[in-house]
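Read through the structure below, which is laid out as C-alpha cells, and then see the notes.
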Amino acid sequence: MDLAINPFSSGTRLRDMIRAIRACKTAAEERAVVRRECAAIRAAISEGDQDYRHRNMAKLMFIHMLGYPTHFGQMECLKLIAAAGFPEKRIGYLGLMLLLDERQEVLMLVTNSLKQDLNHSNQFIVGLALCALGNICSAEMARDLAPEVERLLQNRDPNTKKKAALCSIRIVRKVPDLAENFMSAAASLLKEKHHGVLISAVQLCTELCKASTEALEYLRKNCLEGLVRILRDVSNSSYAPEYDVAGITDPFLHIRVLKLMRTLGQGDADCSEYINDILAQVSTKTESNKNAGNAILYECVETIMGIEATSGLRVLAINILGRFLSNRDNNIRYVALNMLMKAIAVDTQAVQRHRATILECVKDADVSIRKRALELVYLLVNDTNVKPLTKELVDYLEVSDQDFKEDLTAKICSIVEKFSQDKLWYLDQMFRVLSLAGNYVKDDVWHALVVLMSNASELQGYSVRSLYKALLACGEQESLVRVAVWCIGEYGEMLVNNISMLDMEEPITVTESDAVDAVEVVLKRYSADVTTRAMCLVSLLKLSSRFPPTSERIKEIVAQNKGNTVLELQQRSIEFSSIIQRHQSIKSSLLERMPVLDEANYLVKRAASTQATVSSVKSAPAVTPGGQPKLPNGVAKPPAAPLADLLDLSSDDTPVTTSAPTTAPNDFLQDLLGIDLTDSSPAGGAPSTSTDILMDLLSIGSTPVQNGPPTSNFIPPGIAETKPVAVTPQVVDLLDGLSSSTPLPG
C-alpha cells in the first residue's frame with residue numbers, strides 16, 4: 001500500500017482515500033491508512049490551509065463514520081460555518097451534525113453563526129441552518145433561537161416553512177414551555193396548499209398537543225375545521241403524479257391528519273362529533289386492495305376507536321378489521337387481530353359477528369397469528385357460545401402442531417373450568433383434552449378434575465368407564481394415565497359391574513382381571529415416572545380389596561418393586577405387600593374409598609397459590625447472568641454477606657444483645673444439632689463446652705480442656721504484660737460476629 005498520501009495532491013483526494021481504505025486486507029492496514037490521513041489533515045489544519053478545508057472535513061466525516069476519533073476537526077466545522085460561501089457552509093453544517101451532538105460545549109460557539117444564517121437572504125443557507133438546528137439543538141440554543149424560527153414559519157418560501165416547522169418540533173420537545181409561542185403559527189400553516197408544509201404543520205400540532213394542555217385546547221378550537229378540509233380535499237382530489245402512491249393521493253398526509261384528529265378527539269365529545277362524518281367518508285371511500293389504502297383504513301379504525309365515536313361508526317370500524325382478517329397478507333391480519341383485542345372492550349357484540357373468521361385464524365400457518373387469534377377467541381367466550389367455541393378448539397387440538405398444543409390446551413382447560421355449568425359436559429371435554437394432549441395438561445388442572453369426580457357421585461361410574469376406554473386407546477398421554485389409574489383404583493367395582501349407567505351409555509364388558517391388566521401395563525410402560533408408578537401401586541392395593549380373587553396376582557406385581565432403587569417405590573412395595581399378606585382383617589376398612597374432597601376449599605387454595613406465584617414472579621429482582629441482583633446505576637453494591645447469612649444460622653427478627661450474660665453463646669449451633677448448649681456454669685464463669693463441641697464438629701482447633709477454665713491468656717514475647725492478648729481457637733475467629741451474644745472470656 002504505497003499510495004502517495006498528500007492532502008494537496010489532487011481534486012479527487014476523498015475518492016483516493018476511500019479507495020485506499022477499501023483496498024486494505026487487514027484491520028491493521030486500515031488503521032495505518034487512517035492514521036496517515038489524520039496526520040495529514042492535522043498538518044493542513046495547523047498550516048491554516050483555506051483551499052482544501054472543506055475537502056479535509058469531508059474526509060474527516062468518512063473517518064468518523066468508520067468509528068475513528070475525529071475530535072480535532074470540530075473547530076474546523078465552526079470555521080467552515082463562519083465562511084461566506086454556500087459550499088463551505090454546507091460541509092460545515094454537515095460536519096457539525098455528524099461530529100458533534102447537543103451535549104458538547106463546543107456547540108455553544110456556533111449559536112451566533114446559526115443566528116446570522118437564519119437571517120440570511122439566501123434561502124438555501126437558511127435551510128442549512130434550520131436543518132442543523134433541527135438535528136442538534138440543545139435547550140439553551142432552543143431558547144436563544146426560537147424567535148428566529150418562529151419568524152421563519154411566516155416565510156413565503158414553502159421549503160423554508162417546512163424546515164422551520166420541523167425545527168420547531170425539536171424546539172418544543174427540548175423546551176415544552178415554548179409551546180405557546182408556536183400555537184398560532186402552527187394553526188395558520190394548516191391553510192397552506194403545499195403538502196410538505198401541511199405534513200410538517202400537522203406533525204408540529206401533534207407535538208404541541210403532547211407538550212401543553214393549553215395548546216391542546218387552543219388547537220381543538222382553531223384547527224379542527226382546517227383538518228377536516230385537508231382530509232376531504234386529499235380524499236376527493238384527482239390524480240396528482242407528485243403525490244400519488246398506488247393510486248391514492250398522499251397517504252402520508254392522510255395518516256398524519258388522522259393521528260392528529262385522534263389526539264384532538266380523545267375524551268372530547270364535541271370534537272369527536274365534528275369529525276365523525278369525515279371519518280365515515282374516508283372509511284367507505286378508501287380502497288383496500290392496495291397497501292397504502294389499508295394503511296389509511298387502519299389509521300381510520302385507530303382514530304374511531306380512540307375518540308368518542310358513535311356506535312354505528314364503531315361497527316363500521318370493526319367490519320373493516322373483519323375484512324382485514326380475510327386478507328392474504330399476514331401483517332394485515334396480525335394488526336387486525338391486535339386491534340380487535342382492543343375493540344372487544346368497546347363493542348363485544350360487533351366483534352362476535354366475526355367469530356368464524358377469527359376461529360379460522362387460529363388454524364393459520366403463521367404461529368404469531370395463531371397465538372394472537374387464540375387470545376382473541378378466549379376473550380370472545382361467554383356463557384352462550386362456550387360450547388360451540390370449545391368444540392371448534394378441541395377439534396383443532398387433534399390436528400394442531402406440537403409447538404402450539406401447549407398454548408391451545410391451556411386455553412381450552414381454562415375456558416372449560418371457567419364457563420362449565422354442566423358437570424357432564426365438563427367431564428366430557430376434559431376427558432377429550434386428556435386423550436388428545438394429556439402430556440400438555442398441567443398438574444393443577446387434572447387435580448381439579450379429580451376433586452370434581454370425587455364430588456359428583458352420580459357420574460363416578462361414567463367417569464371410570466370413559467377413562468378406561470381412553471386409557472386403552474391413548475395410553476401415552478401422561479395426565480390421562482394418572483387420572484385413569486386413580487379412578488380405576490377408587491371406582492373399580494363400578495367399572496366391572498357397570499354401576500350408575502347413564503341413558504346415553506352402552507354397557508361394556510370388563511372383568512376384574514382386565515382392570516388389573518390395565519394398571520399393570522401402565523406400571524411397566526412408565527418405568528421412569530416415579531409419580532405415575534406410585535399411583536399405580538396405590539391403585540393395585542385398592543383393587544386387591546375391591547377384587548379379592550386377584551389378590552395373589554396383585555401381590556406378585558407389587559412385590560416386583562421391593563428391590564427398586566427409588567426409595568419411595570421400594571417402601572410402598574414392601575408396605576403394600578405386608579398389608580395384602582398379613583393384615584386381611586383391617587384391609588377392607590383401610591382401603592375404603594377416599595372421603596369426598598372439599599371442592600370449595602381446594603379452589604380457594606389453588607387460587608391463592610396461583611396468585612402467590614404471580615406476585616413472587618413480579619416482585620423477584622432482576623438477576624444478572626452471574627447470579628447477582630441487578631442494581632440501578634448509582635446504587636452501591638451491598639457488602640458481602642457474613643458466614644451466618646450464608647448458612648442462614650442467625651434469625652433476622654431476633655435482635656442481637658451484647659449485654660445479657662444469661663444468653664446462650666451459640667444459639668444457632670444448638671438449633672442445628674438439636675442439643676442443649678446453654679451455659680450451666682456459675683455467673684462469671686467461662687463457657688466450657690460450646691466451643692469444644694463446635695471444634696469437634698468441624699475437626700479443627702486445639703485439644704479441648706477437660707477440667708478447669710481454658711488457658712487463653714498467653715503473652716507472646718516482646719509484648720508488655722500490662723496488655724494481655726486473648727488467643728481464642730481458630731473457629732471462633734471464623735464464625736466471629738454470627739449470633740453469639742456472650743463475649744468470650746479474656
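Here's how to read the names in the C-alpha cells: chain A, B, ... by the order shown, residue numbers from 1 in each chain, ligand numbers from 1 in the order shown.
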
### Message
From a backbone DSSP assignment, name each residue in region 433-593 of chain A labelled helix (DSSP H, G or I), as a PyMOL selection string.
### Response
chain A and resi 433-440+443-455+457-473+478-497+512-525+530-546+548-559+567-582+584-590

### Query
Leaving out region 88-103 of chain A and any residue of its chain fewer than 5 positions from it, which residues lie within 7 Å of it when counting only C-alpha atoms, given as a list in words?
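The residues that qualify are His54, Met57, Ala58, Met61, Gln74, Cys77, Leu78, Leu80, Ile81, Ala83, Leu128, Ala132, Asn135, Ile136, Cys137 and Ser138 of chain A.
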
### Query
Taking into account only C-alpha atoms, which residue in the set A:Ser551, A:Gly196, A:Asn181, A:Gln203 is nearest to Ile169 (chain A)?
A:Gln203

#### Entry: Neighbour list for Ser573 (chain A) as a PyMOL selection string, cut-off 9 Å, only C-alpha atoms, skip fewer than 2 positions in-chain
chain A and resi 537+558-564+568-571+575-578

Enumerate the residues of region 88-326 of chain A with a DSSP assignment of strand (DSSP E), computed from the backbone, and present them as a compact mmCIF listing (two decimals) with N, CA, C and O atoms, in the first residue's frame.
# COMPACT_ATOMS: atom_id res chain seq x y z
N ASP A 244 -48.99 10.87 -5.77
CA ASP A 244 -49.70 9.60 -5.92
C ASP A 244 -48.86 8.43 -5.42
O ASP A 244 -47.67 8.30 -5.75
N VAL A 245 -49.48 7.56 -4.61
CA VAL A 245 -48.85 6.31 -4.16
C VAL A 245 -49.87 5.20 -4.37
O VAL A 245 -50.88 5.11 -3.67
N ILE A 248 -53.45 6.29 -4.72
CA ILE A 248 -54.02 7.06 -3.60
C ILE A 248 -53.20 8.32 -3.42
O ILE A 248 -51.96 8.27 -3.39
N THR A 249 -53.87 9.44 -3.29
CA THR A 249 -53.18 10.72 -3.17
C THR A 249 -52.63 10.91 -1.76
O THR A 249 -53.39 10.98 -0.80

### Query
At what distance in Å, to one decimal, does CA of Arg19 (chain A) lie from CA of His64 (chain A)?
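Between CA of His64 (chain A) and CA of Arg19 (chain A) the gap works out to 16.3 Å.
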
### Task
List the neighbours of Asn119 (chain A) out to 9 Å using only C-alpha atoms; skip same-chain residues closer than 6 positions along the sequence, and give me the result as a ChimeraX atom specification.
/A:126,148,152

### Message
Which residues are near Ala343 (chain A)? Cut-off 12 Å, only C-alpha atoms, ignore same chain within fewer than 4 positions. Put them as a list in words.
### Response
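These residues fall inside the cut-off: Val301, Glu302, Thr303, Ile304, Met305, Gly306, Ser311, Arg314, Val315, Leu316, Ala317, Ile318, Asn319, Leu321, Gly322, Ala336, Leu337, Asn338, Met339, Asp347, Thr348, Gln349, Ala350, Val351, Gln352, Leu376, Leu379 and Leu380 of chain A.
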
### Message
Quick one: residues within 8 Å of Val234 (chain A), only C-alpha atoms, excluding same-chain residues fewer than 4 positions away - as an MDAnalysis selection string?
### Response
chainID A and resid 230 249:250 254
